[in-house]
>>> print(open('run.txt').read())   # compact mmCIF, C-alpha atoms
# COMPACT_ATOMS: atom_id res chain seq x y z
CA MET A 1 6.47 -10.61 -12.19
CA ASN A 2 4.00 -10.67 -15.07
CA ILE A 3 1.46 -8.26 -13.53
CA ARG A 4 1.89 -4.49 -13.41
CA THR A 5 -0.59 -2.64 -11.21
CA ILE A 6 0.06 0.89 -12.46
CA ASP A 7 1.98 2.26 -15.45
CA TRP A 8 2.22 5.18 -17.85
CA LYS A 9 0.91 4.15 -21.28
CA ASN A 10 -0.56 6.05 -24.24
CA ASN A 11 -0.11 9.36 -22.42
CA SER A 12 -2.39 8.09 -19.65
CA VAL A 13 -2.20 6.34 -16.29
CA ARG A 14 -2.87 2.66 -16.89
CA ILE A 15 -4.15 0.68 -13.90
CA ILE A 16 -5.64 -2.71 -13.19
CA ASP A 17 -9.27 -2.16 -12.24
CA GLN A 18 -9.19 -4.03 -8.94
CA THR A 19 -12.95 -3.82 -8.50
CA LYS A 20 -13.26 -6.35 -11.34
CA LEU A 21 -11.00 -8.96 -9.75
CA PRO A 22 -10.97 -11.90 -9.45
CA GLN A 23 -13.56 -12.45 -12.19
CA LYS A 24 -11.80 -10.32 -14.80
CA LEU A 25 -8.31 -8.86 -15.27
CA VAL A 26 -9.12 -5.49 -16.82
CA TYR A 27 -6.73 -2.64 -17.54
CA ILE A 28 -8.08 0.89 -17.88
CA ASP A 29 -6.37 4.04 -19.14
CA ILE A 30 -7.10 7.26 -17.27
CA GLY A 31 -6.24 10.57 -18.89
CA ARG A 32 -7.91 13.05 -16.54
CA LEU A 33 -7.18 13.92 -12.93
CA GLU A 34 -10.82 13.61 -11.90
CA GLY A 35 -10.94 10.07 -13.25
CA LEU A 36 -7.80 9.09 -11.38
CA CYS A 37 -9.02 10.50 -8.06
CA ARG A 38 -12.30 8.66 -8.50
CA ALA A 39 -10.35 5.46 -9.18
CA ILE A 40 -8.44 6.00 -5.94
CA LYS A 41 -11.60 6.65 -3.93
CA ILE A 42 -13.50 3.61 -5.19
CA LEU A 43 -10.39 1.40 -4.87
CA GLN A 44 -9.86 0.64 -8.53
CA VAL A 45 -6.26 1.38 -7.59
CA ARG A 46 -5.17 0.95 -3.96
CA GLY A 47 -2.27 0.00 -1.71
CA ALA A 48 0.05 2.58 -0.19
CA PRO A 49 3.05 2.20 -2.56
CA ALA A 50 0.84 2.12 -5.66
CA LEU A 51 -0.93 5.26 -4.45
CA GLY A 52 2.42 7.05 -4.22
CA ALA A 53 2.98 6.52 -7.93
CA ALA A 54 -0.66 7.28 -8.74
CA ALA A 55 -0.48 10.57 -6.84
CA ALA A 56 2.66 11.77 -8.62
CA LEU A 57 1.27 10.84 -12.02
CA GLY A 58 -1.98 12.50 -10.98
CA VAL A 59 -0.14 15.75 -10.38
CA TYR A 60 1.03 15.60 -13.98
CA LEU A 61 -2.48 14.87 -15.25
CA GLY A 62 -3.71 17.90 -13.33
CA ILE A 63 -1.17 20.39 -14.66
CA ARG A 64 -0.31 19.16 -18.13
CA ASN A 65 -2.97 21.28 -19.86
CA TYR A 66 -2.15 24.44 -17.91
CA PRO A 67 -2.01 27.07 -20.68
CA GLY A 68 0.15 29.72 -19.02
CA SER A 69 3.92 30.21 -19.10
CA ASP A 70 4.34 32.03 -15.76
CA TRP A 71 5.60 30.35 -12.59
CA PRO A 72 3.24 32.16 -10.14
CA GLY A 73 0.16 31.03 -12.03
CA PHE A 74 1.52 27.54 -12.53
CA SER A 75 2.39 27.32 -8.83
CA ARG A 76 -1.18 28.19 -7.86
CA LYS A 77 -2.49 25.50 -10.22
CA LEU A 78 0.00 22.99 -8.80
CA LYS A 79 -1.14 23.67 -5.24
CA ALA A 80 -4.79 23.29 -6.23
CA VAL A 81 -4.08 19.97 -7.94
CA ALA A 82 -2.09 18.73 -4.93
CA LYS A 83 -4.93 19.62 -2.56
CA TYR A 84 -7.46 17.87 -4.79
CA ILE A 85 -5.47 14.62 -4.89
CA ALA A 86 -4.77 14.76 -1.15
CA GLY A 87 -8.52 14.73 -0.51
CA SER A 88 -8.98 11.34 -2.16
CA ARG A 89 -7.79 9.16 0.76
CA PRO A 90 -6.45 10.45 4.09
CA THR A 91 -4.54 7.56 5.70
CA ALA A 92 -2.01 6.30 3.15
CA ARG A 93 1.27 8.14 3.74
CA ASN A 94 2.60 7.27 0.27
CA LEU A 95 -0.22 9.18 -1.41
CA PHE A 96 0.97 12.40 0.21
CA TRP A 97 4.61 11.44 -0.30
CA GLY A 98 3.98 11.10 -4.05
CA ILE A 99 2.34 14.52 -4.16
CA GLU A 100 5.24 16.03 -2.20
CA ARG A 101 7.80 14.47 -4.56
CA ALA A 102 6.08 15.87 -7.64
CA CYS A 103 5.67 19.34 -6.14
CA ALA A 104 9.25 19.40 -4.85
CA VAL A 105 10.80 18.77 -8.27
CA ALA A 106 8.58 21.47 -9.75
CA LEU A 107 9.72 23.99 -7.13
CA LYS A 108 13.36 22.99 -7.57
CA ASN A 109 13.09 23.74 -11.29
CA ASN A 110 10.90 26.85 -11.06
CA LYS A 111 13.30 28.86 -13.26
CA GLN A 112 12.77 26.45 -16.12
CA PRO A 113 10.10 26.93 -18.81
CA ILE A 114 6.72 25.64 -17.70
CA SER A 115 6.70 23.09 -20.51
CA LYS A 116 9.92 21.59 -19.15
CA ILE A 117 8.64 21.59 -15.57
CA LYS A 118 5.66 19.52 -16.74
CA ARG A 119 8.01 16.97 -18.28
CA ILE A 120 10.07 16.90 -15.08
CA ILE A 121 6.95 16.12 -13.01
CA LEU A 122 6.04 13.24 -15.33
CA ALA A 123 9.61 11.95 -15.12
CA GLU A 124 9.38 12.02 -11.32
CA GLY A 125 6.22 9.90 -11.41
CA LYS A 126 7.99 7.35 -13.60
CA LYS A 127 10.99 7.43 -11.27
CA ILE A 128 8.75 6.65 -8.28
CA MET A 129 7.47 3.58 -10.12
CA ARG A 130 11.01 2.36 -10.79
CA GLU A 131 12.01 3.00 -7.19
CA ASP A 132 8.99 1.10 -5.87
CA ALA A 133 9.79 -1.94 -7.98
CA SER A 134 13.32 -1.88 -6.58
CA SER A 135 12.37 -1.20 -2.95
CA CYS A 136 9.81 -4.02 -2.86
CA ARG A 137 12.43 -6.49 -4.03
CA LYS A 138 14.71 -5.29 -1.24
CA ILE A 139 11.89 -5.77 1.27
CA GLY A 140 11.48 -9.27 -0.12
CA PHE A 141 15.22 -9.96 0.18
CA TYR A 142 15.40 -8.89 3.83
CA GLY A 143 12.09 -10.41 4.84
CA ALA A 144 12.75 -13.80 3.26
CA LYS A 145 15.40 -14.36 5.92
CA LEU A 146 12.59 -14.61 8.47
CA LEU A 147 10.87 -17.46 6.62
CA LYS A 148 12.01 -21.06 6.82
CA HIS A 149 11.30 -23.93 4.49
CA ASN A 150 7.67 -24.99 5.11
CA SER A 151 6.81 -21.77 7.00
CA ARG A 152 3.09 -21.17 7.41
CA VAL A 153 2.35 -17.49 6.97
CA LEU A 154 -0.90 -15.65 7.69
CA THR A 155 -1.62 -12.31 6.05
CA ILE A 156 -4.49 -9.84 5.81
CA CYS A 157 -5.80 -7.57 3.05
CA ASN A 158 -3.52 -7.27 0.02
CA ALA A 159 0.05 -6.08 0.35
CA GLY A 160 1.23 -7.74 -2.82
CA ILE A 161 1.65 -6.99 -6.50
CA LEU A 162 -1.73 -5.26 -6.60
CA ALA A 163 -0.78 -2.86 -3.81
CA THR A 164 2.54 -1.86 -5.38
CA ILE A 165 3.93 -1.61 -8.87
CA ASP A 166 4.69 -5.26 -9.57
CA TYR A 167 5.98 -7.23 -6.55
CA GLY A 168 4.57 -6.41 -3.14
CA THR A 169 5.63 -5.74 0.43
CA ALA A 170 4.20 -8.42 2.75
CA LEU A 171 3.55 -10.76 -0.17
CA GLY A 172 6.86 -9.71 -1.71
CA VAL A 173 8.54 -11.38 1.27
CA ILE A 174 6.68 -14.58 0.40
CA TYR A 175 7.54 -14.34 -3.31
CA SER A 176 11.19 -13.82 -2.45
CA ALA A 177 11.24 -16.81 -0.10
CA CYS A 178 9.60 -18.98 -2.76
CA ALA A 179 12.15 -17.81 -5.33
CA GLN A 180 14.85 -19.07 -2.95
CA GLY A 181 13.31 -22.53 -3.12
CA LYS A 182 11.50 -22.41 0.21
CA LYS A 183 8.10 -24.04 0.35
CA ILE A 184 5.67 -21.56 1.90
CA LYS A 185 2.03 -22.06 2.86
CA VAL A 186 -0.09 -18.92 3.08
CA PHE A 187 -3.36 -18.33 4.91
CA SER A 188 -5.12 -15.23 3.59
CA CYS A 189 -7.80 -13.57 5.74
CA GLU A 190 -10.73 -12.64 3.52
CA THR A 191 -10.59 -9.08 4.92
CA ARG A 192 -14.08 -7.76 5.42
CA PRO A 193 -15.81 -5.69 4.28
CA LEU A 194 -14.32 -5.43 0.75
CA LEU A 195 -12.60 -8.81 0.71
CA GLN A 196 -9.17 -7.69 -0.52
CA GLY A 197 -7.68 -10.84 0.98
CA SER A 198 -9.92 -13.23 -0.91
CA ARG A 199 -10.48 -11.23 -4.09
CA LEU A 200 -6.94 -9.91 -4.53
CA SER A 201 -4.32 -11.69 -2.40
CA ALA A 202 -5.69 -15.17 -3.07
CA TRP A 203 -5.96 -14.33 -6.78
CA GLU A 204 -2.38 -13.13 -7.20
CA LEU A 205 -0.82 -15.77 -4.90
CA ASN A 206 -2.60 -18.51 -6.83
CA ARG A 207 -1.47 -16.93 -10.10
CA GLN A 208 2.13 -16.99 -8.86
CA GLY A 209 1.87 -20.66 -7.88
CA VAL A 210 1.97 -20.12 -4.11
CA ASP A 211 0.12 -22.54 -1.80
CA ILE A 212 -2.77 -20.33 -0.64
CA THR A 213 -5.71 -21.12 1.66
CA MET A 214 -8.43 -18.54 2.24
CA ILE A 215 -9.96 -18.14 5.68
CA ALA A 216 -12.71 -16.03 7.19
CA ASP A 217 -11.23 -13.24 9.30
CA ASN A 218 -12.51 -14.79 12.52
CA THR A 219 -10.75 -18.09 11.81
CA ALA A 220 -7.29 -16.70 12.66
CA ALA A 221 -7.43 -17.42 16.40
CA HIS A 222 -8.54 -20.99 15.76
CA LEU A 223 -5.60 -21.61 13.43
CA MET A 224 -3.13 -20.10 15.87
CA ALA A 225 -4.51 -22.16 18.77
CA GLU A 226 -4.03 -25.31 16.70
CA GLY A 227 -0.40 -24.37 16.03
CA LYS A 228 -0.91 -23.95 12.29
CA VAL A 229 0.53 -20.42 11.95
CA ASP A 230 4.26 -19.73 12.27
CA LEU A 231 4.18 -15.98 11.65
CA VAL A 232 1.99 -13.14 10.43
CA ILE A 233 3.09 -10.52 7.91
CA ALA A 234 0.99 -7.45 7.08
CA GLY A 235 1.59 -4.30 5.09
CA ALA A 236 1.19 -0.72 6.29
CA ASP A 237 -0.39 2.47 5.04
CA ARG A 238 1.37 4.82 7.46
CA ILE A 239 3.96 4.23 10.18
CA ALA A 240 4.50 6.73 12.98
CA ALA A 241 7.94 7.75 14.26
CA ASN A 242 7.63 5.27 17.15
CA GLY A 243 6.73 2.33 14.91
CA ASP A 244 2.95 2.32 15.49
CA SER A 245 1.54 1.11 12.17
CA ALA A 246 -1.76 1.75 10.43
CA ASN A 247 -3.03 -0.99 8.15
CA LYS A 248 -6.31 -2.49 7.01
CA ILE A 249 -8.91 -2.82 9.75
CA GLY A 250 -8.42 -6.13 11.53
CA THR A 251 -4.62 -6.02 11.49
CA SER A 252 -4.46 -4.99 15.14
CA ASN A 253 -6.65 -7.98 16.01
CA LEU A 254 -4.06 -10.29 14.49
CA ALA A 255 -1.19 -8.61 16.33
CA ILE A 256 -2.98 -9.06 19.67
CA LEU A 257 -3.66 -12.71 18.86
CA CYS A 258 -0.01 -13.20 17.94
CA LYS A 259 1.09 -11.74 21.26
CA TYR A 260 -1.17 -14.16 23.14
CA HIS A 261 -0.05 -17.19 21.11
CA LYS A 262 3.63 -16.13 21.07
CA ILE A 263 3.74 -15.90 17.27
CA PRO A 264 5.95 -13.33 15.51
CA PHE A 265 4.03 -10.44 13.94
CA TYR A 266 5.77 -8.45 11.20
CA ILE A 267 5.00 -5.29 9.26
CA ALA A 268 6.47 -4.96 5.76
CA ALA A 269 6.65 -1.50 4.18
CA PRO A 270 9.06 0.80 2.34
CA ILE A 271 10.78 3.68 4.09
CA SER A 272 8.45 6.06 2.21
CA THR A 273 5.55 4.83 4.40
CA PHE A 274 7.10 6.28 7.58
CA ASP A 275 5.77 9.64 8.75
CA PHE A 276 8.10 11.45 11.16
CA SER A 277 5.60 14.28 11.61
CA ILE A 278 3.50 11.85 13.68
CA LYS A 279 4.99 10.74 16.99
CA SER A 280 2.62 7.83 17.59
CA GLY A 281 -0.35 6.05 16.12
CA LYS A 282 -2.68 8.42 17.96
CA GLY A 283 -1.81 11.04 15.35
CA ILE A 284 -2.74 8.90 12.34
CA LYS A 285 -5.99 9.97 10.69
CA ILE A 286 -8.23 6.96 10.08
CA GLU A 287 -10.35 7.00 6.94
CA MET A 288 -14.06 6.38 7.48
CA ARG A 289 -15.75 4.85 4.49
CA ASN A 290 -19.18 4.32 2.95
CA SER A 291 -21.65 2.38 5.13
CA GLY A 292 -22.72 0.47 2.03
CA GLU A 293 -19.44 -1.41 2.11
CA VAL A 294 -20.66 -3.06 5.32
CA THR A 295 -24.40 -3.33 4.67
CA ARG A 296 -23.90 -4.88 1.24
CA ILE A 297 -21.59 -7.57 -0.13
CA LEU A 298 -19.24 -5.72 -2.50
CA LEU A 299 -21.80 -2.90 -2.65
CA LYS A 300 -24.34 -5.24 -4.28
CA LYS A 301 -26.27 -7.74 -2.18
CA GLU A 302 -27.99 -6.22 0.87
CA ILE A 303 -27.20 -8.08 4.12
CA ALA A 304 -28.51 -5.57 6.71
CA PRO A 305 -31.91 -4.05 7.46
CA PRO A 306 -32.58 -0.60 6.00
CA GLY A 307 -31.43 2.21 8.26
CA ALA A 308 -29.00 0.07 10.30
CA ASN A 309 -26.27 2.15 11.93
CA VAL A 310 -22.79 1.43 10.58
CA LEU A 311 -19.25 2.24 11.65
CA ASN A 312 -16.78 1.56 8.85
CA PRO A 313 -13.17 2.59 9.59
CA ALA A 314 -10.86 1.45 6.78
CA PHE A 315 -7.82 1.05 9.03
CA ASP A 316 -6.69 0.40 12.57
CA VAL A 317 -3.38 1.07 14.30
CA THR A 318 -1.15 -1.69 15.64
CA ALA A 319 0.86 -0.52 18.66
CA ASN A 320 4.62 -0.88 18.31
CA HIS A 321 4.95 -3.23 21.29
CA LEU A 322 2.90 -5.80 19.37
CA ILE A 323 5.24 -5.72 16.35
CA SER A 324 8.17 -8.15 16.32
CA ALA A 325 9.97 -6.25 13.54
CA ILE A 326 9.36 -3.91 10.61
CA ILE A 327 10.72 -5.18 7.30
CA THR A 328 11.83 -2.27 5.09
CA ASP A 329 13.85 -1.70 1.94
CA LYS A 330 16.72 -0.55 4.18
CA GLY A 331 16.72 -3.62 6.39
CA ILE A 332 14.77 -5.14 9.27
CA ILE A 333 14.03 -2.72 12.11
CA ARG A 334 13.63 -4.27 15.54
CA PRO A 335 12.76 -2.75 18.94
CA PRO A 336 13.48 -0.31 20.44
CA TYR A 337 11.76 1.36 17.49
CA ILE A 338 12.28 5.06 18.17
CA ARG A 339 16.05 4.58 18.31
CA ASN A 340 16.33 2.08 15.47
CA ILE A 341 13.94 3.84 13.10
CA SER A 342 15.99 7.00 13.61
CA LYS A 343 19.16 4.99 12.95
CA ILE A 344 17.91 3.59 9.66
CA PHE A 345 16.86 7.03 8.45
CA LYS A 346 20.38 8.25 9.07
CA GLY A 347 21.66 5.70 6.60
CA ASN A 348 22.63 2.90 8.96
CA LYS A 349 21.23 -0.47 7.97
CA CYS A 350 19.44 -2.65 10.49
CA VAL A 351 19.33 -6.42 10.01
>>> encode(input="run.txt", output="structure tokens")
Amino acid sequence: MNIRTIDWKNNSVRIIDQTKLPQKLVYIDIGRLEGLCRAIKILQVRGAPALGAAAALGVYLGIRNYPGSDWPGFSRKLKAVAKYIAGSRPTARNLFWGIERACAVALKNNKQPISKIKRIILAEGKKIMREDASSCRKIGFYGAKLLKHNSRVLTICNAGILATIDYGTALGVIYSACAQGKKIKVFSCETRPLLQGSRLSAWELNRQGVDITMIADNTAAHLMAEGKVDLVIAGADRIAANGDSANKIGTSNLAILCKYHKIPFYIAAPISTFDFSIKSGKGIKIEMRNSGEVTRILLKKEIAPPGANVLNPAFDVTANHLISAIITDKGIIRPPYIRNISKIFKGNKCV
């Protein structure tokens, strides 16, 4: 693909500023941890897999200027940096996974000189980016089997190039199917309140030459009732041990509609998005965001009266019984999820 969401360039984290899309494609270089965490909070960089890489590279930004040469002092700094990054967004599992990866390699090499440990942490961040590019292509390979020629796919939010390094999870399935010569039509929910479906998914799908039609979120049921949707594919920010999946608010709505209309509903995510410390979706912490995202269009034009009460959860949880299958980089996981998720984590592929 010719778009790279996050990279390491000029001794800085280079990201696409997604708040500028679709009007402008702007890359920014971030050399300080505070700047990166702010970029994560305001969604200049977003998407669970991309946040895994951002978090690991953020750990390096936070410790690279540590002046000491002692492990105890460095370890305290590392923990403080990890805690700071973890506070940026609470729901995306990959954010914490990236932090854990960076801290784990530091601990494993704690007998090495501090200068070398710093280089090892940076190398781990780069490794995560390479792994993500590979895992998304595997998700695309497995998921493309579920799409036929002329399939009509509905998706929500953005689980594409802009949510990963350079390919995508849910949209990666579509890109892979298109690469196989299948003609795919995509309906992209606009995804209120920040319009990631219209601003981001429609932008990148159009750029990649995919047949894309934008719809308002509340148009989905109408399309399904008219028989114009063959399947729905969404991404995930965290998946519990039983398969319950957290994704952008509104995803659960689509899964319920799919159940009613007997349409397959799929989640596409890498294995790194699974969280075995959480038994079910009830244990997933849902991020609550700024009321201004709802009362204003893209935080600019006011559309609500002053003082209006607002509830703005960024995510909802889709129950496992509503999910037809979970497309991963290790294969397609089908029900019963507790057994088959456990199987895939033990190295046995599911297809």
>>> atom_distance(input="run.txt", atom1="atom CA of Ala240 of chain A", atom2="atom CA of Ile85 of chain A")
21.9 Å
>>> residues_around(input="run.txt", residues="Asn290 of chain A", least_positions_apart="4", cutoff="12 Å", atoms="all atoms listed in the file", output="JSON, numbers by chain")
{"A": [41, 42, 193, 194, 294, 295, 296, 298, 299, 309, 310, 311, 312, 313, 314]}
>>> closest_atom_pairs(input="run.txt", of="segment 44-106 of chain A", to="segment 128-143 of chain A", cutoff="9 Å", atoms="only C-alpha atoms", output="CSV")
residue,atom,partner,partner_atom,distance
A:Pro49,CA,A:Asp132,CA,6.9
A:Ala50,CA,A:Met129,CA,8.1
A:Gly52,CA,A:Ile128,CA,7.5
A:Ala53,CA,A:Ile128,CA,5.8
A:Ala56,CA,A:Ile128,CA,8.0
A:Gly98,CA,A:Ile128,CA,7.8
A:Arg101,CA,A:Ile128,CA,8.7
>>> residues_around(input="run.txt", residues="Arg46 of chain A", least_positions_apart="4", cutoff="9 Å", atoms="all atoms listed in the file", output="list of chain:residue names")
A:Gln18, A:Ala39, A:Ile40, A:Lys41, A:Ile42, A:Ala50, A:Leu51, A:Leu162, A:Ala163, A:Thr164
>>> atom_distance(input="run.txt", atom1="atom CA of Thr273 of chain A", atom2="atom CA of Ile341 of chain A")
12.1 Å
>>> closest_residue(input="run.txt", among="A:Arg64, A:Lys77, A:Arg192, A:Lys262", to="Ser115 of chain A", atoms="only C-alpha atoms")
A:Arg64
>>> closest_residue(input="run.txt", among="A:Ile286, A:Cys258, A:Ala241, A:Val173", to="Ser342 of chain A", atoms="only C-alpha atoms")
A:Ala241
>>> residues_around(input="run.txt", residues="Leu146 of chain A", least_positions_apart="5", cutoff="12 Å", atoms="only C-alpha atoms", output="ChimeraX atom specification")
/A:139-141,151-153,170,173-174,176-177,182,184,230-233,264-266,268,324-327,331-332,351
>>> residues_around(input="run.txt", residues="Asp7 of chain A", least_positions_apart="6", cutoff="9 Å", atoms="all atoms listed in the file", output="PyMOL selection string")
chain A and resi 13-15+53-54+126+129+165
>>> closest_residue(input="run.txt", among="A:Leu322, A:Ala48, A:Ile161, A:Ile278", to="Trp203 of chain A", atoms="all atoms listed in the file")
A:Ile161
>>> atom_distance(input="run.txt", atom1="atom CA of Phe187 of chain A", atom2="atom CA of Thr328 of chain A")
22.1 Å
>>> closest_residue(input="run.txt", among="A:Ser291, A:Ile3, A:His321, A:Pro67", to="Gly307 of chain A", atoms="all atoms listed in the file")
A:Ser291
>>> residues_around(input="run.txt", residues="Asp316 of chain A", least_positions_apart="5", cutoff="8 Å", atoms="only C-alpha atoms", output="ChimeraX atom specification")
/A:246-252,286
>>> decode(input="run.txt", residues="segment 3-12 of chain A", atoms="all heavy atoms", output="PDB file, in the first residue's frame")
ATOM      1  N   ILE A   3       0.325   4.106   1.595  1.00  0.00           N
ATOM      2  CA  ILE A   3       0.085   4.978   2.755  1.00  0.00           C
ATOM      3  C   ILE A   3       0.686   4.280   3.972  1.00  0.00           C
ATOM      4  O   ILE A   3       0.489   3.086   4.165  1.00  0.00           O
ATOM      5  CB  ILE A   3      -1.414   5.210   3.009  1.00  0.00           C
ATOM      6  CG1 ILE A   3      -2.131   5.642   1.733  1.00  0.00           C
ATOM      7  CG2 ILE A   3      -1.628   6.248   4.108  1.00  0.00           C
ATOM      8  CD1 ILE A   3      -3.644   5.640   1.846  1.00  0.00           C
ATOM      9  N   ARG A   4       1.408   5.013   4.796  1.00  0.00           N
ATOM     10  CA  ARG A   4       1.940   4.447   6.030  1.00  0.00           C
ATOM     11  C   ARG A   4       1.484   5.334   7.184  1.00  0.00           C
ATOM     12  O   ARG A   4       1.848   6.506   7.269  1.00  0.00           O
ATOM     13  CB  ARG A   4       3.457   4.342   5.977  1.00  0.00           C
ATOM     14  CG  ARG A   4       4.036   3.474   7.095  1.00  0.00           C
ATOM     15  CD  ARG A   4       5.499   3.181   6.841  1.00  0.00           C
ATOM     16  NE  ARG A   4       6.104   2.461   7.941  1.00  0.00           N
ATOM     17  CZ  ARG A   4       6.152   1.142   8.046  1.00  0.00           C
ATOM     18  NH1 ARG A   4       5.615   0.395   7.096  1.00  0.00           N
ATOM     19  NH2 ARG A   4       6.740   0.569   9.077  1.00  0.00           N
ATOM     20  N   THR A   5       0.703   4.761   8.085  1.00  0.00           N
ATOM     21  CA  THR A   5       0.069   5.529   9.152  1.00  0.00           C
ATOM     22  C   THR A   5       1.053   6.011  10.200  1.00  0.00           C
ATOM     23  O   THR A   5       0.962   7.130  10.694  1.00  0.00           O
ATOM     24  CB  THR A   5      -1.014   4.669   9.832  1.00  0.00           C
ATOM     25  OG1 THR A   5      -1.987   4.314   8.851  1.00  0.00           O
ATOM     26  CG2 THR A   5      -1.693   5.419  10.958  1.00  0.00           C
ATOM     27  N   ILE A   6       1.998   5.149  10.562  1.00  0.00           N
ATOM     28  CA  ILE A   6       2.969   5.471  11.603  1.00  0.00           C
ATOM     29  C   ILE A   6       4.315   4.884  11.218  1.00  0.00           C
ATOM     30  O   ILE A   6       4.395   3.793  10.646  1.00  0.00           O
ATOM     31  CB  ILE A   6       2.496   4.961  12.990  1.00  0.00           C
ATOM     32  CG1 ILE A   6       3.474   5.377  14.086  1.00  0.00           C
ATOM     33  CG2 ILE A   6       2.272   3.465  12.981  1.00  0.00           C
ATOM     34  CD1 ILE A   6       2.932   5.164  15.495  1.00  0.00           C
ATOM     35  N   ASP A   7       5.388   5.625  11.515  1.00  0.00           N
ATOM     36  CA  ASP A   7       6.732   5.179  11.145  1.00  0.00           C
ATOM     37  C   ASP A   7       7.739   5.855  12.070  1.00  0.00           C
ATOM     38  O   ASP A   7       7.390   6.738  12.859  1.00  0.00           O
ATOM     39  CB  ASP A   7       7.009   5.541   9.687  1.00  0.00           C
ATOM     40  CG  ASP A   7       8.009   4.608   9.021  1.00  0.00           C
ATOM     41  OD1 ASP A   7       8.650   3.806   9.741  1.00  0.00           O
ATOM     42  OD2 ASP A   7       8.151   4.675   7.791  1.00  0.00           O
ATOM     43  N   TRP A   8       8.983   5.411  11.971  1.00  0.00           N
ATOM     44  CA  TRP A   8      10.079   6.052  12.705  1.00  0.00           C
ATOM     45  C   TRP A   8      10.967   6.745  11.681  1.00  0.00           C
ATOM     46  O   TRP A   8      11.619   6.093  10.863  1.00  0.00           O
ATOM     47  CB  TRP A   8      10.870   5.023  13.503  1.00  0.00           C
ATOM     48  CG  TRP A   8      11.996   5.615  14.298  1.00  0.00           C
ATOM     49  CD1 TRP A   8      13.326   5.587  14.004  1.00  0.00           C
ATOM     50  CD2 TRP A   8      11.890   6.363  15.519  1.00  0.00           C
ATOM     51  NE1 TRP A   8      14.055   6.263  14.946  1.00  0.00           N
ATOM     52  CE2 TRP A   8      13.206   6.742  15.896  1.00  0.00           C
ATOM     53  CE3 TRP A   8      10.823   6.744  16.326  1.00  0.00           C
ATOM     54  CZ2 TRP A   8      13.464   7.481  17.052  1.00  0.00           C
ATOM     55  CZ3 TRP A   8      11.088   7.484  17.474  1.00  0.00           C
ATOM     56  CH2 TRP A   8      12.387   7.838  17.830  1.00  0.00           C
ATOM     57  N   LYS A   9      10.984   8.077  11.685  1.00  0.00           N
ATOM     58  CA  LYS A   9      11.740   8.864  10.731  1.00  0.00           C
ATOM     59  C   LYS A   9      12.399  10.038  11.443  1.00  0.00           C
ATOM     60  O   LYS A   9      11.801  10.660  12.325  1.00  0.00           O
ATOM     61  CB  LYS A   9      10.818   9.418   9.626  1.00  0.00           C
ATOM     62  CG  LYS A   9      10.171   8.359   8.742  1.00  0.00           C
ATOM     63  CD  LYS A   9      11.164   7.765   7.751  1.00  0.00           C
ATOM     64  CE  LYS A   9      10.472   6.826   6.779  1.00  0.00           C
ATOM     65  NZ  LYS A   9      11.415   6.215   5.812  1.00  0.00           N
ATOM     66  N   ASN A  10      13.621  10.351  11.047  1.00  0.00           N
ATOM     67  CA  ASN A  10      14.327  11.526  11.579  1.00  0.00           C
ATOM     68  C   ASN A  10      14.365  11.525  13.098  1.00  0.00           C
ATOM     69  O   ASN A  10      14.201  12.566  13.745  1.00  0.00           O
ATOM     70  CB  ASN A  10      13.670  12.814  11.065  1.00  0.00           C
ATOM     71  CG  ASN A  10      13.667  12.894   9.562  1.00  0.00           C
ATOM     72  OD1 ASN A  10      14.601  12.432   8.894  1.00  0.00           O
ATOM     73  ND2 ASN A  10      12.617  13.478   8.997  1.00  0.00           N
ATOM     74  N   ASN A  11      14.561  10.324  13.671  1.00  0.00           N
ATOM     75  CA  ASN A  11      14.650  10.177  15.119  1.00  0.00           C
ATOM     76  C   ASN A  11      13.375  10.630  15.826  1.00  0.00           C
ATOM     77  O   ASN A  11      13.405  11.071  16.980  1.00  0.00           O
ATOM     78  CB  ASN A  11      15.857  10.961  15.672  1.00  0.00           C
ATOM     79  CG  ASN A  11      16.463  10.271  16.881  1.00  0.00           C
ATOM     80  OD1 ASN A  11      16.375   9.053  17.039  1.00  0.00           O
ATOM     81  ND2 ASN A  11      17.070  11.045  17.755  1.00  0.00           N
ATOM     82  N   SER A  12      12.258  10.492  15.128  1.00  0.00           N
ATOM     83  CA  SER A  12      10.952  10.888  15.662  1.00  0.00           C
ATOM     84  C   SER A  12       9.886   9.893  15.203  1.00  0.00           C
ATOM     85  O   SER A  12      10.105   9.115  14.276  1.00  0.00           O
ATOM     86  CB  SER A  12      10.559  12.291  15.171  1.00  0.00           C
ATOM     87  OG  SER A  12      11.496  13.268  15.573  1.00  0.00           O
TER      88      SER A  12
END
